[in-house]
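**Q** Contents of work_1.cif (mmCIF, C-alpha atoms) are below:
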```cif
data_model
#
loop_
_atom_site.label_atom_id
_atom_site.label_comp_id
_atom_site.auth_asym_id
_atom_site.auth_seq_id
_atom_site.Cartn_x
_atom_site.Cartn_y
_atom_site.Cartn_z
CA MET Y 1 29.19 -8.90 -71.81
CA GLU Y 2 31.46 -9.48 -74.78
CA ASN Y 3 31.27 -13.23 -74.49
CA ARG Y 4 27.51 -13.15 -74.98
CA ILE Y 5 27.89 -12.78 -78.70
CA GLN Y 6 27.40 -16.03 -80.52
CA PRO Y 7 28.83 -17.10 -83.87
CA HIS Y 8 25.39 -16.69 -85.44
CA TRP Y 9 25.75 -12.91 -85.04
CA PHE Y 10 28.62 -13.04 -87.47
CA SER Y 11 26.61 -14.91 -90.08
CA LEU Y 12 23.61 -12.61 -89.54
CA SER Y 13 25.84 -9.58 -89.82
CA GLU Y 14 27.49 -10.94 -92.97
CA SER Y 15 24.09 -11.84 -94.46
CA VAL Y 16 22.89 -8.26 -93.98
CA TYR Y 17 26.11 -6.96 -95.54
CA ARG Y 18 25.72 -9.36 -98.46
CA ALA Y 19 22.10 -8.26 -98.93
CA MET Y 20 23.22 -4.65 -99.21
CA MET Y 21 25.52 -5.60 -102.06
CA ALA Y 22 22.41 -5.96 -104.20
CA LEU Y 23 22.79 -2.20 -104.62
CA TYR Y 24 26.05 -2.58 -106.60
CA PRO Y 25 26.06 -2.93 -110.38
CA ALA Y 26 25.59 -6.58 -111.39
CA GLU Y 27 29.02 -6.87 -113.04
CA PHE Y 28 30.89 -5.59 -110.01
CA ARG Y 29 28.75 -7.70 -107.70
CA GLN Y 30 29.44 -10.82 -109.71
CA ASP Y 31 33.20 -10.30 -109.56
CA TYR Y 32 33.68 -8.96 -106.05
CA ALA Y 33 30.64 -9.55 -103.78
CA GLY Y 34 32.01 -12.83 -102.43
CA LEU Y 35 35.46 -11.37 -101.84
CA MET Y 36 34.03 -8.27 -100.16
CA ALA Y 37 31.87 -10.41 -97.88
CA GLN Y 38 34.90 -12.51 -97.00
CA ALA Y 39 36.95 -9.39 -96.16
CA PHE Y 40 34.03 -8.02 -94.13
CA ARG Y 41 33.86 -11.30 -92.19
CA ASP Y 42 37.62 -11.36 -91.58
CA VAL Y 43 37.64 -7.80 -90.26
CA SER Y 44 34.52 -8.45 -88.13
CA ARG Y 45 36.17 -11.43 -86.43
CA GLU Y 46 39.44 -9.63 -85.83
CA THR Y 47 37.67 -6.49 -84.60
CA TYR Y 48 35.47 -8.48 -82.22
CA ARG Y 49 38.46 -10.38 -80.88
CA ARG Y 50 40.33 -7.16 -80.17
CA GLU Y 51 37.64 -4.59 -79.37
CA GLY Y 52 34.42 -6.48 -78.54
CA LEU Y 53 30.91 -5.35 -79.40
CA ALA Y 54 31.74 -1.65 -79.36
CA GLY Y 55 34.38 -2.31 -82.00
CA ILE Y 56 31.85 -4.21 -84.12
CA ALA Y 57 29.40 -1.30 -83.93
CA LEU Y 58 32.13 1.11 -85.04
CA TRP Y 59 33.20 -1.28 -87.80
CA TRP Y 60 29.63 -1.45 -89.06
CA GLY Y 61 29.51 2.35 -89.18
CA ALA Y 62 32.78 2.46 -91.12
CA ALA Y 63 31.62 -0.36 -93.43
CA LEU Y 64 28.35 1.46 -94.20
CA PHE Y 65 30.20 4.66 -95.02
CA ASP Y 66 32.63 2.69 -97.19
CA LEU Y 67 29.69 0.99 -98.90
CA LEU Y 68 28.02 4.32 -99.66
CA ILE Y 69 31.17 5.88 -101.11
CA SER Y 70 32.11 2.86 -103.23
CA LEU Y 71 28.49 2.45 -104.36
CA ILE Y 72 28.40 6.00 -105.69
CA GLU Y 73 31.71 5.44 -107.45
CA GLN Y 74 30.72 2.12 -109.01
CA ARG Y 75 27.31 3.42 -110.08
CA ARG Y 76 28.89 6.48 -111.64
CA LYS Y 77 31.42 4.32 -113.45
CA GLU Y 78 28.82 2.02 -114.84
CA SER Y 79 27.19 5.17 -116.30
CA PHE Y 80 24.00 4.16 -114.63
CA VAL Y 81 23.08 1.63 -117.24
CA MET Y 82 20.00 1.12 -115.16
CA SER Y 83 17.27 1.18 -117.78
CA LYS Y 84 17.62 -2.58 -117.94
CA SER Y 85 17.96 -2.94 -114.21
CA ILE Y 86 15.20 -3.93 -111.87
CA LEU Y 87 15.35 -1.23 -109.17
CA PRO Y 88 14.24 1.79 -111.23
CA GLN Y 89 11.40 -0.21 -112.75
CA TRP Y 90 10.38 -1.51 -109.35
CA ALA Y 91 10.92 1.72 -107.41
CA GLY Y 92 7.23 2.62 -107.45
CA LYS Y 93 6.10 -0.84 -106.37
CA LEU Y 94 8.71 -0.98 -103.60
CA LEU Y 95 7.64 2.41 -102.27
CA MET Y 96 3.96 1.39 -102.37
CA MET Y 97 4.68 -1.76 -100.36
CA GLY Y 98 6.96 0.18 -98.01
CA GLY Y 99 4.20 2.75 -97.45
CA ILE Y 100 1.70 0.03 -96.57
CA CYS Y 101 4.14 -1.56 -94.10
CA LEU Y 102 4.88 1.84 -92.53
CA GLY Y 103 1.16 2.52 -92.24
CA LEU Y 104 0.67 -0.83 -90.49
CA SER Y 105 3.55 -0.08 -88.14
CA SER Y 106 1.76 3.10 -87.02
CA ILE Y 107 -0.72 0.93 -85.06
CA SER Y 108 2.07 0.33 -82.55
CA GLN Y 109 1.82 3.99 -81.49
CA LEU Y 110 -1.74 3.58 -80.23
CA GLU Y 111 -0.90 1.13 -77.45
CA LEU Y 112 -4.33 -0.49 -77.63
CA GLY Y 113 -3.43 -3.14 -75.07
CA ILE Y 114 -4.11 -6.06 -77.42
CA PRO Y 115 -1.55 -8.82 -76.69
CA GLY Y 116 0.99 -9.23 -79.48
CA LEU Y 117 -0.38 -6.35 -81.53
CA TYR Y 118 2.28 -3.89 -80.39
CA LEU Y 119 5.12 -6.29 -81.22
CA ALA Y 120 3.62 -7.35 -84.55
CA SER Y 121 2.97 -3.78 -85.70
CA THR Y 122 6.40 -2.60 -84.51
CA TRP Y 123 8.08 -5.24 -86.63
CA PHE Y 124 6.50 -3.77 -89.77
CA VAL Y 125 9.04 -0.94 -89.42
CA ALA Y 126 11.84 -3.24 -90.64
CA PRO Y 127 10.29 -4.35 -93.97
CA ALA Y 128 8.94 -0.82 -94.44
CA TYR Y 129 12.36 0.78 -94.41
CA VAL Y 130 14.03 -2.04 -96.37
CA LEU Y 131 11.45 -1.58 -99.15
CA ILE Y 132 11.64 2.21 -98.95
CA GLY Y 133 15.46 2.10 -98.87
CA PHE Y 134 15.66 0.01 -102.04
CA GLY Y 135 12.83 1.97 -103.68
CA VAL Y 136 14.54 5.31 -103.03
CA PHE Y 137 17.82 3.88 -104.34
CA GLY Y 138 16.11 3.26 -107.68
CA LEU Y 139 14.91 6.86 -108.04
CA PRO Y 140 18.17 8.55 -109.22
CA ALA Y 141 18.42 6.08 -112.07
CA ARG Y 142 14.68 6.23 -112.70
CA TYR Y 143 14.83 10.03 -113.11
CA ARG Y 144 18.41 10.19 -114.35
CA GLU Y 145 17.79 13.06 -116.75
CA LYS Y 146 15.90 15.20 -114.23
CA THR Y 147 18.12 14.84 -111.18
CA GLU Y 148 21.18 16.92 -110.40
CA PRO Y 149 24.24 15.41 -108.67
CA LEU Y 150 23.30 16.88 -105.28
CA THR Y 151 19.77 15.50 -105.54
CA ARG Y 152 21.15 12.08 -106.41
CA ILE Y 153 23.46 12.16 -103.40
CA THR Y 154 20.60 13.10 -101.05
CA LEU Y 155 18.58 10.17 -102.39
CA TYR Y 156 21.50 7.78 -101.91
CA VAL Y 157 22.01 9.11 -98.38
CA ALA Y 158 18.29 8.62 -97.68
CA SER Y 159 18.45 5.11 -99.11
CA VAL Y 160 21.53 3.95 -97.21
CA GLY Y 161 20.21 5.68 -94.07
CA ALA Y 162 16.97 3.70 -94.29
CA LEU Y 163 18.85 0.42 -94.70
CA ALA Y 164 21.26 1.26 -91.86
CA ALA Y 165 18.31 2.15 -89.64
CA THR Y 166 16.72 -1.21 -90.42
CA ILE Y 167 19.89 -3.07 -89.49
CA GLY Y 168 20.18 -1.04 -86.29
CA PHE Y 169 16.52 -1.64 -85.47
CA GLY Y 170 16.80 -5.38 -86.10
CA LEU Y 171 19.99 -5.91 -84.12
CA SER Y 172 18.95 -3.65 -81.21
CA SER Y 173 15.60 -5.47 -81.01
CA MET Y 174 17.56 -8.71 -80.74
CA GLY Y 175 19.53 -7.46 -77.77
CA VAL Y 176 22.56 -5.69 -79.26
CA GLU Y 177 21.71 -2.46 -77.49
CA ILE Y 178 24.54 -0.43 -78.93
CA MET Y 179 23.00 -0.85 -82.40
CA TRP Y 180 20.22 1.50 -81.29
CA ALA Y 181 22.71 4.26 -82.16
CA ALA Y 182 22.96 2.85 -85.71
CA PHE Y 183 19.17 2.98 -85.95
CA MET Y 184 19.06 6.61 -84.85
CA ILE Y 185 21.95 7.73 -87.07
CA GLY Y 186 20.51 5.85 -90.06
CA MET Y 187 17.04 7.27 -89.47
CA ILE Y 188 18.30 10.83 -89.12
CA LEU Y 189 20.33 10.45 -92.35
CA HIS Y 190 17.25 9.06 -94.10
CA LEU Y 191 14.98 11.85 -92.88
CA ILE Y 192 17.48 14.60 -93.70
CA GLY Y 193 17.97 13.07 -97.15
CA MET Y 194 14.24 12.93 -97.83
CA THR Y 195 13.64 16.44 -96.46
CA VAL Y 196 16.37 17.90 -98.69
CA PHE Y 197 15.02 15.93 -101.65
CA GLY Y 198 11.54 17.24 -100.77
CA PHE Y 199 12.76 20.84 -100.90
CA ALA Y 200 14.48 20.16 -104.22
CA ASN Y 201 11.25 18.65 -105.57
CA ILE Y 202 9.33 21.81 -104.66
CA THR Y 203 11.78 24.19 -106.33
CA ARG Y 204 12.72 22.06 -109.36
CA PRO Y 205 10.16 19.27 -109.42
CA ILE Y 206 11.21 15.81 -110.43
CA LEU Y 207 7.73 14.62 -109.55
CA PRO Y 208 5.64 17.66 -110.64
CA MET Y 209 2.23 16.05 -110.05
CA ILE Y 210 3.06 15.57 -106.37
CA ARG Y 211 5.59 18.33 -105.82
CA TRP Y 212 4.58 18.95 -102.16
CA LEU Y 213 4.40 15.32 -101.07
CA PRO Y 214 8.02 14.05 -100.89
CA ILE Y 215 9.01 16.58 -98.23
CA LEU Y 216 6.36 15.07 -95.94
CA THR Y 217 8.22 11.73 -95.96
CA GLY Y 218 10.99 13.54 -94.06
CA LEU Y 219 8.99 16.05 -92.01
CA LEU Y 220 6.23 13.79 -90.69
CA PRO Y 221 8.59 11.30 -88.98
CA PHE Y 222 10.61 14.26 -87.66
CA LEU Y 223 7.37 15.61 -86.16
CA MET Y 224 6.67 12.20 -84.65
CA ILE Y 225 10.13 12.06 -83.03
CA TYR Y 226 9.64 15.61 -81.76
CA SER Y 227 6.23 14.83 -80.24
CA GLU Y 228 7.59 11.70 -78.56
CA GLN Y 229 10.48 13.69 -77.15
CA MET Y 230 8.07 16.31 -75.81
CA GLN Y 231 5.98 13.54 -74.31
CA PHE Y 232 9.05 12.04 -72.68
CA ASN Y 233 10.25 15.39 -71.32
CA SER Y 234 6.90 16.50 -69.95
CA GLY Y 235 5.73 13.14 -68.67
CA GLN Y 236 2.31 13.79 -70.20
CA THR Y 237 0.87 11.05 -72.37
CA ASP Y 238 -2.45 12.58 -73.43
CA GLY Y 239 -2.57 13.16 -77.15
CA ALA Y 240 1.05 12.41 -77.98
CA ASP Y 241 0.35 8.79 -79.00
CA TRP Y 242 -2.24 10.02 -81.45
CA ILE Y 243 0.14 12.59 -82.90
CA ALA Y 244 2.77 9.87 -83.40
CA PHE Y 245 0.15 7.56 -84.92
CA VAL Y 246 -1.10 10.22 -87.35
CA CYS Y 247 2.47 11.20 -88.35
CA LEU Y 248 3.57 7.63 -89.02
CA LEU Y 249 0.33 6.70 -90.78
CA GLY Y 250 0.57 9.92 -92.78
CA ALA Y 251 4.14 9.12 -93.83
CA GLY Y 252 3.00 5.63 -94.90
CA VAL Y 253 0.14 7.09 -96.97
CA VAL Y 254 2.50 9.63 -98.58
CA TRP Y 255 4.95 6.85 -99.56
CA LEU Y 256 2.01 4.87 -100.96
CA ILE Y 257 0.81 7.81 -103.07
CA MET Y 258 4.35 8.54 -104.27
CA GLY Y 259 4.76 4.87 -105.17
CA VAL Y 260 1.51 4.90 -107.15
CA PHE Y 261 2.57 7.97 -109.15
CA ILE Y 262 6.07 6.66 -109.81
CA ASN Y 263 4.72 3.27 -110.81
CA ARG Y 264 2.12 4.86 -113.09
CA GLY Y 265 4.91 6.85 -114.76
CA ALA Y 266 6.93 3.68 -115.28
CA GLN Y 267 3.97 1.98 -116.95
CA ALA Y 268 3.35 5.01 -119.16
CA GLU Y 269 7.00 4.96 -120.26
CA ALA Y 270 6.90 1.27 -121.13
CA PRO Y 271 7.56 0.66 -124.85
CA GLN Y 272 4.41 1.11 -126.94
CA PRO Y 273 3.65 -0.76 -130.13
CA ALA Y 274 4.87 1.20 -133.12
CA ALA Y 275 2.21 3.19 -135.01
CA ALA Y 276 1.30 1.92 -138.43
CA MET N 277 42.28 -3.80 -121.59
CA SER N 278 45.58 -3.25 -119.86
CA ASN N 279 47.02 0.23 -119.90
CA SER N 280 50.54 -0.93 -119.11
CA THR N 281 51.85 1.04 -122.11
CA THR N 282 50.88 4.29 -120.34
CA ARG N 283 53.95 6.14 -119.04
CA PRO N 284 54.19 6.01 -115.22
CA HIS N 285 54.27 9.80 -114.93
CA ASP N 286 50.97 10.09 -116.80
CA LEU N 287 49.24 8.35 -113.89
CA LEU N 288 50.56 10.70 -111.21
CA PRO N 289 49.54 11.82 -108.71
CA LEU N 290 48.03 8.56 -107.51
CA THR N 291 45.05 8.46 -105.20
CA PRO N 292 45.97 7.46 -101.62
CA ALA N 293 44.10 4.16 -102.01
CA VAL N 294 46.04 3.16 -105.13
CA PHE N 295 49.42 4.13 -103.66
CA HIS N 296 48.74 2.32 -100.40
CA ILE N 297 47.78 -0.86 -102.25
CA LEU N 298 50.92 -0.63 -104.40
CA LEU N 299 52.99 -0.26 -101.23
CA ALA N 300 51.19 -3.15 -99.56
CA LEU N 301 52.04 -5.40 -102.52
CA ALA N 302 55.62 -4.17 -102.90
CA ASP N 303 57.03 -7.00 -100.80
CA GLY N 304 54.95 -9.82 -102.22
CA GLU N 305 51.53 -11.09 -103.25
CA LYS N 306 48.62 -10.72 -100.85
CA HIS N 307 44.89 -11.40 -100.74
CA GLY N 308 42.32 -8.67 -100.06
CA TYR N 309 42.25 -8.96 -96.28
CA GLY N 310 46.06 -9.17 -96.25
CA ILE N 311 46.20 -5.89 -98.15
CA MET N 312 43.77 -4.28 -95.66
CA GLN N 313 45.96 -5.44 -92.77
CA GLU N 314 49.16 -4.23 -94.44
CA VAL N 315 47.67 -0.80 -95.23
CA ALA N 316 46.55 -0.48 -91.59
CA ALA N 317 50.04 -1.51 -90.44
CA ILE N 318 52.03 0.86 -92.66
CA THR N 319 49.80 3.79 -91.65
CA ASP N 320 49.82 2.97 -87.92
CA ASN N 321 46.09 2.17 -88.17
CA GLY N 322 45.53 5.64 -89.62
CA ILE N 323 43.81 4.16 -92.66
CA ARG N 324 41.38 1.27 -92.32
CA MET N 325 40.36 0.54 -95.86
CA GLY N 326 36.85 -0.88 -96.23
CA PRO N 327 35.94 -3.79 -98.54
CA GLY N 328 34.13 -1.51 -101.01
CA THR N 329 37.04 0.89 -101.41
CA LEU N 330 39.53 -1.98 -101.53
CA TYR N 331 37.87 -4.00 -104.28
CA GLY N 332 36.71 -0.91 -106.21
CA THR N 333 40.35 0.21 -106.31
CA ILE N 334 41.63 -3.28 -107.11
CA LYS N 335 39.24 -3.48 -110.06
CA ARG N 336 40.54 -0.15 -111.37
CA MET N 337 44.19 -1.18 -110.82
CA LEU N 338 43.66 -4.44 -112.69
CA GLU N 339 42.22 -2.47 -115.60
CA MET N 340 45.21 -0.09 -115.49
CA GLY N 341 47.64 -3.00 -115.51
CA LEU N 342 49.19 -1.98 -112.18
CA ILE N 343 48.47 -5.29 -110.48
CA ILE N 344 47.71 -8.79 -111.62
CA GLU N 345 45.72 -11.62 -110.15
CA SER N 346 48.03 -14.44 -109.25
CA ASP N 347 47.44 -17.91 -110.66
CA GLU N 348 49.44 -19.54 -107.92
CA ARG N 349 47.65 -20.56 -104.76
CA PRO N 350 49.24 -21.37 -101.45
CA ASP N 351 48.74 -24.77 -99.94
CA PRO N 352 44.92 -25.02 -99.43
CA ALA N 353 45.63 -26.52 -96.05
CA LEU N 354 47.28 -23.28 -95.04
CA ASP N 355 44.83 -20.83 -96.55
CA ASP N 356 41.31 -20.48 -97.93
CA GLU N 357 41.59 -21.40 -101.60
CA ARG N 358 38.64 -19.13 -102.48
CA ARG N 359 40.81 -16.11 -101.76
CA ARG N 360 42.32 -14.27 -104.69
CA TYR N 361 45.91 -13.14 -104.51
CA TYR N 362 47.22 -10.01 -106.18
CA GLY N 363 50.73 -8.98 -107.10
CA LEU N 364 52.47 -5.98 -108.66
CA THR N 365 53.19 -5.91 -112.37
CA GLY N 366 56.39 -4.37 -113.70
CA HIS N 367 54.32 -1.35 -114.72
CA GLY N 368 52.84 -1.13 -111.22
CA GLN N 369 56.33 -1.27 -109.72
CA ARG N 370 57.48 1.62 -111.96
CA VAL N 371 54.38 3.70 -111.17
CA ALA N 372 54.94 3.15 -107.42
CA GLU N 373 58.57 4.25 -107.78
CA ALA N 374 57.57 7.34 -109.77
CA GLU N 375 54.99 8.30 -107.13
CA ALA N 376 57.50 7.75 -104.31
CA MET N 377 60.00 10.00 -106.10
CA ARG N 378 57.34 12.66 -106.64
CA LEU N 379 56.48 12.60 -102.93
CA GLU N 380 60.17 12.66 -102.01
CA ARG N 381 60.67 15.80 -104.09
CA LEU N 382 57.68 17.40 -102.36
CA VAL N 383 59.11 16.54 -98.95
CA SER N 384 62.44 18.10 -100.00
CA VAL N 385 60.62 21.28 -100.93
CA ALA N 386 58.76 21.20 -97.61
CA ARG N 387 62.07 20.82 -95.76
CA SER N 388 63.65 23.68 -97.67
CA LYS N 389 60.70 25.85 -96.69
CA ARG N 390 60.84 24.57 -93.11
CA VAL N 391 57.30 23.19 -93.15
CA GLU N 392 58.27 19.61 -92.31
CA GLY N 393 56.59 17.94 -89.34
CA GLY N 394 58.27 18.64 -86.01
CA ALA N 395 60.30 21.53 -87.40
CA ALA N 396 58.60 24.03 -85.11
#
```
Any chance you could give the structure as structure tokens?
**A**
Amino acid sequence: MENRIQPHWFSLSESVYRAMMALYPAEFRQDYAGLMAQAFRDVSRETYRREGLAGIALWWGAALFDLLISLIEQRRKESFVMSKSILPQWAGKLLMMGGICLGLSSISQLELGIPGLYLASTWFVAPAYVLIGFGVFGLPARYREKTEPLTRITLYVASVGALAATIGFGLSSMGVEIMWAAFMIGMILHLIGMTVFGFANITRPILPMIRWLPILTGLLPFLMIYSEQMQFNSGQTDGADWIAFVCLLGAGVVWLIMGVFINRGAQAEAPQPAAA
Amino acid sequence: MSNSTTRPHDLLPLTPAVFHILLALADGEKHGYGIMQEVAAITDNGIRMGPGTLYGTIKRMLEMGLIIESDERPDPALDDERRRYYGLTGHGQRVAEAEAMRLERLVSVARSKRVEGGAA
């Protein structure tokens, strides 16, 4: 079992870790990204040698938690000098694209029997949650003056959860079955984060024009998971596929609408020519 | 940039991450992964520092003048020359000693109040 892992898993794993470093402030990334990746690789090799795949899965969990904590610290230190950064400006566009990908992935729930369609539509989940993860990460900086510390933390949890879920989804689809747990944990963190943010947006709206929408990005996928669980428990298949399809499609549409509003706001805030 | 003129006691108490890194470097220069291994060893694997915490703390310690990046490199044949090595500064050494003394005093108080580990 343990010997099945090939060296390319290490480079894939390191590449994913390196990609996540895009979330750090540019200055920190420039100085330490290479060294962090090297340390991550060293620990991965040693952990695999001593503890096998289970150890790697645990190490990934610890590394993600470490990443989240140090990210919050570094971002706080850099005083969120994000107005010049790309993520807040691109948050709306990323969420729009993520919503479209999530909507396309909903086709997989219909099980239409068309060869290749299920696989192709399922794989849209990965880009969907990468785009959504990065888009959500840009929101605290985008709405820096409107968000409270707790709201920012829920958004960061939702963002890192989405990215962790994507990694878990990718690796479990490629045969590392234990990473399915990473997908589930990441997804639950993401959904809890978005649901809490959704509640906060209703009571003290950060996005007043769409105050009831963000909560649906958490609740609709929860409803989908619930319906699938009910389907699994009861053994009945009638109707449940459609519920899952509608929930996932609905979540995709909600992300798309949110993205449009956020992007429109970004364009409206763009510097205007000075009045004469 | 360096705050090495700050009195050691002004920096106390140290965060666990800073103190563990100071301890890891007390017996010589090490690279990042070496520090992670040493911290795991001195805490009986109780603390497994992640890369983010490690380099975030190293950045802060460099700014505080507690550690310094070493110019010397080991024989490239023996080690990866891309690694960066870190060592304690005199200021870092004094801060580590001050923190150790502070903890020692606390342990003395704990003993006098019979709350030390294994006293029950």
**Q** Excluding region 156-171 of chain Y and residues on its chain fewer than 5 positions from it, collect all residues at most 7 Å away from it, counting only C-alpha atoms, and give them as JSON, numbers by chain.
**A** {"Y": [68, 126, 129, 130, 133, 134, 136, 137, 176, 179, 180, 182, 183, 184, 186, 187, 189, 190, 191, 193, 194]}
**Q** Within 9 Å of chain N, which residues of chain Y come that close, and what is the closest atom pair and distance in Å for each? Count all atoms listed in the file and give it as a tab-separated table.
**A**
```
residue	atom	partner	partner_atom	distance
Y:Phe28	CA	N:Gly332	CA	8.4
Y:Tyr32	CA	N:Tyr331	CA	6.7
Y:Leu35	CA	N:Arg359	CA	7.1
Y:Met36	CA	N:Pro327	CA	5.1
Y:Ala37	CA	N:Pro327	CA	7.8
Y:Gln38	CA	N:Tyr309	CA	8.2
Y:Ala39	CA	N:Tyr309	CA	5.3
Y:Phe40	CA	N:Pro327	CA	6.4
Y:Asp42	CA	N:Tyr309	CA	7.0
Y:Val43	CA	N:Tyr309	CA	7.7
Y:Ala62	CA	N:Gly326	CA	7.3
Y:Ala63	CA	N:Gly326	CA	6.0
Y:Phe65	CA	N:Gly326	CA	8.7
Y:Asp66	CA	N:Gly326	CA	5.6
Y:Leu67	CA	N:Gly328	CA	5.5
Y:Leu68	CA	N:Gly328	CA	8.6
Y:Ile69	CA	N:Thr329	CA	7.7
Y:Ser70	CA	N:Gly328	CA	5.3
Y:Leu71	CA	N:Gly328	CA	7.7
Y:Glu73	CA	N:Gly332	CA	8.2
Y:Gln74	CA	N:Gly332	CA	7.3
```
**Q** Select, from Y:Asn201, Y:Ser234, Y:Thr151, Y:Ser121, the residue with the minimum atom-to-atom distance to Leu216 (chain Y), counting only C-alpha atoms.
**A**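 Ranking Y:Asn201, Y:Ser234, Y:Thr151, Y:Ser121 by distance to Leu216 (chain Y), first place goes to Y:Asn201.
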**Q** Could you list, as number ranges by chain, every residue within 7 Å of Ile192 (chain Y), counting all atoms listed in the file and ignoring same-chain residues fewer than 4 positions away?
**A** Y: 188, 196, 218
**Q** Suppose we keep C-alpha atoms; can you now write the selection as a PDB file, in the coordinates of the input?
**A**
```pdb
ATOM      1  CA  ILE Y 188      18.300  10.830 -89.120  1.00  0.00           C
ATOM      2  CA  VAL Y 196      16.370  17.900 -98.690  1.00  0.00           C
ATOM      3  CA  GLY Y 218      10.990  13.540 -94.060  1.00  0.00           C
TER       4      GLY Y 218
END
```
**Q** With the PyMOL selection byres ((chain N and resi 367-383) around 10) as the selection, what would be picked from this file? Answer as number ranges by chain, please.
**A** N: 279-290, 294-299, 301-302, 337-338, 340-344, 363-366, 384-389, 391-392
**Q** In Å, how far is it from CA of Phe124 (chain Y) to CA of Cys101 (chain Y)?
**A**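 The value is 5.4 Å.
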**Q** Near region 222-231 of chain Y, counting all atoms listed in the file, which residues have an atom at most 12 Å away, once you skip same-chain residues fewer than 5 positions from it, shown as a PyMOL selection string?
**A** chain Y and resi 106+109+184+187-192+194-195+215-217+236-251
**Q** Going by the chain IDs and residue numbers used in this file, which residues fall under the PyMOL selection byres ((chain Y and resi 18) around 10)? Write them as a list in words.
**A**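 That expression, the PyMOL selection byres ((chain Y and resi 18) around 10), corresponds here to Leu12, Ser13, Glu14, Ser15, Val16, Tyr17, Ala19, Met20, Met21, Ala22, Leu23, Arg29, Ala33, Gly34, Met36, Ala37, Gln38 and Phe40 of chain Y.
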**Q** Any chance you could export the current selection's C-alpha atoms as a PDB file, keeping the file's coordinate frame?
**A**
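Final output, result-v6.pdb:
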```pdb
ATOM      1  CA  LEU Y  12      23.610 -12.610 -89.540  1.00  0.00           C
ATOM      2  CA  SER Y  13      25.840  -9.580 -89.820  1.00  0.00           C
ATOM      3  CA  GLU Y  14      27.490 -10.940 -92.970  1.00  0.00           C
ATOM      4  CA  SER Y  15      24.090 -11.840 -94.460  1.00  0.00           C
ATOM      5  CA  VAL Y  16      22.890  -8.260 -93.980  1.00  0.00           C
ATOM      6  CA  TYR Y  17      26.110  -6.960 -95.540  1.00  0.00           C
ATOM      7  CA  ALA Y  19      22.100  -8.260 -98.930  1.00  0.00           C
ATOM      8  CA  MET Y  20      23.220  -4.650 -99.210  1.00  0.00           C
ATOM      9  CA  MET Y  21      25.520  -5.600-102.060  1.00  0.00           C
ATOM     10  CA  ALA Y  22      22.410  -5.960-104.200  1.00  0.00           C
ATOM     11  CA  LEU Y  23      22.790  -2.200-104.620  1.00  0.00           C
ATOM     12  CA  ARG Y  29      28.750  -7.700-107.700  1.00  0.00           C
ATOM     13  CA  ALA Y  33      30.640  -9.550-103.780  1.00  0.00           C
ATOM     14  CA  GLY Y  34      32.010 -12.830-102.430  1.00  0.00           C
ATOM     15  CA  MET Y  36      34.030  -8.270-100.160  1.00  0.00           C
ATOM     16  CA  ALA Y  37      31.870 -10.410 -97.880  1.00  0.00           C
ATOM     17  CA  GLN Y  38      34.900 -12.510 -97.000  1.00  0.00           C
ATOM     18  CA  PHE Y  40      34.030  -8.020 -94.130  1.00  0.00           C
TER      19      PHE Y  40
END
```
**Q** As a CSV table (one decimal), keeping the file's coordinate frame, could you write out region 86-96 of chain Y once it has been completed with N, CA and C atoms?
**A**
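Saved file part.csv follows:
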```csv
chain,number,residue,atom,x,y,z
Y,86,ILE,N,16.5,-3.7,-112.5
Y,86,ILE,CA,15.2,-3.9,-111.9
Y,86,ILE,C,14.8,-2.8,-110.9
Y,87,LEU,N,15.7,-2.2,-110.2
Y,87,LEU,CA,15.4,-1.2,-109.2
Y,87,LEU,C,14.6,0.0,-109.7
Y,88,PRO,N,15.0,0.6,-110.8
Y,88,PRO,CA,14.2,1.8,-111.2
Y,88,PRO,C,12.8,1.4,-111.7
Y,89,GLN,N,12.7,0.2,-112.3
Y,89,GLN,CA,11.4,-0.2,-112.8
Y,89,GLN,C,10.5,-0.6,-111.6
Y,90,TRP,N,11.2,-1.1,-110.5
Y,90,TRP,CA,10.4,-1.5,-109.4
Y,90,TRP,C,10.3,-0.5,-108.3
Y,91,ALA,N,10.9,0.7,-108.5
Y,91,ALA,CA,10.9,1.7,-107.4
Y,91,ALA,C,9.5,2.0,-106.9
Y,92,GLY,N,8.6,2.3,-107.8
Y,92,GLY,CA,7.2,2.6,-107.4
Y,92,GLY,C,6.6,1.5,-106.6
Y,93,LYS,N,6.7,0.3,-107.1
Y,93,LYS,CA,6.1,-0.8,-106.4
Y,93,LYS,C,6.7,-1.0,-105.0
Y,94,LEU,N,8.0,-0.9,-104.9
Y,94,LEU,CA,8.7,-1.0,-103.6
Y,94,LEU,C,8.2,0.1,-102.6
Y,95,LEU,N,8.1,1.3,-103.1
Y,95,LEU,CA,7.6,2.4,-102.3
Y,95,LEU,C,6.2,2.2,-101.8
Y,96,MET,N,5.4,1.7,-102.7
Y,96,MET,CA,4.0,1.4,-102.4
Y,96,MET,C,3.9,0.4,-101.2
```
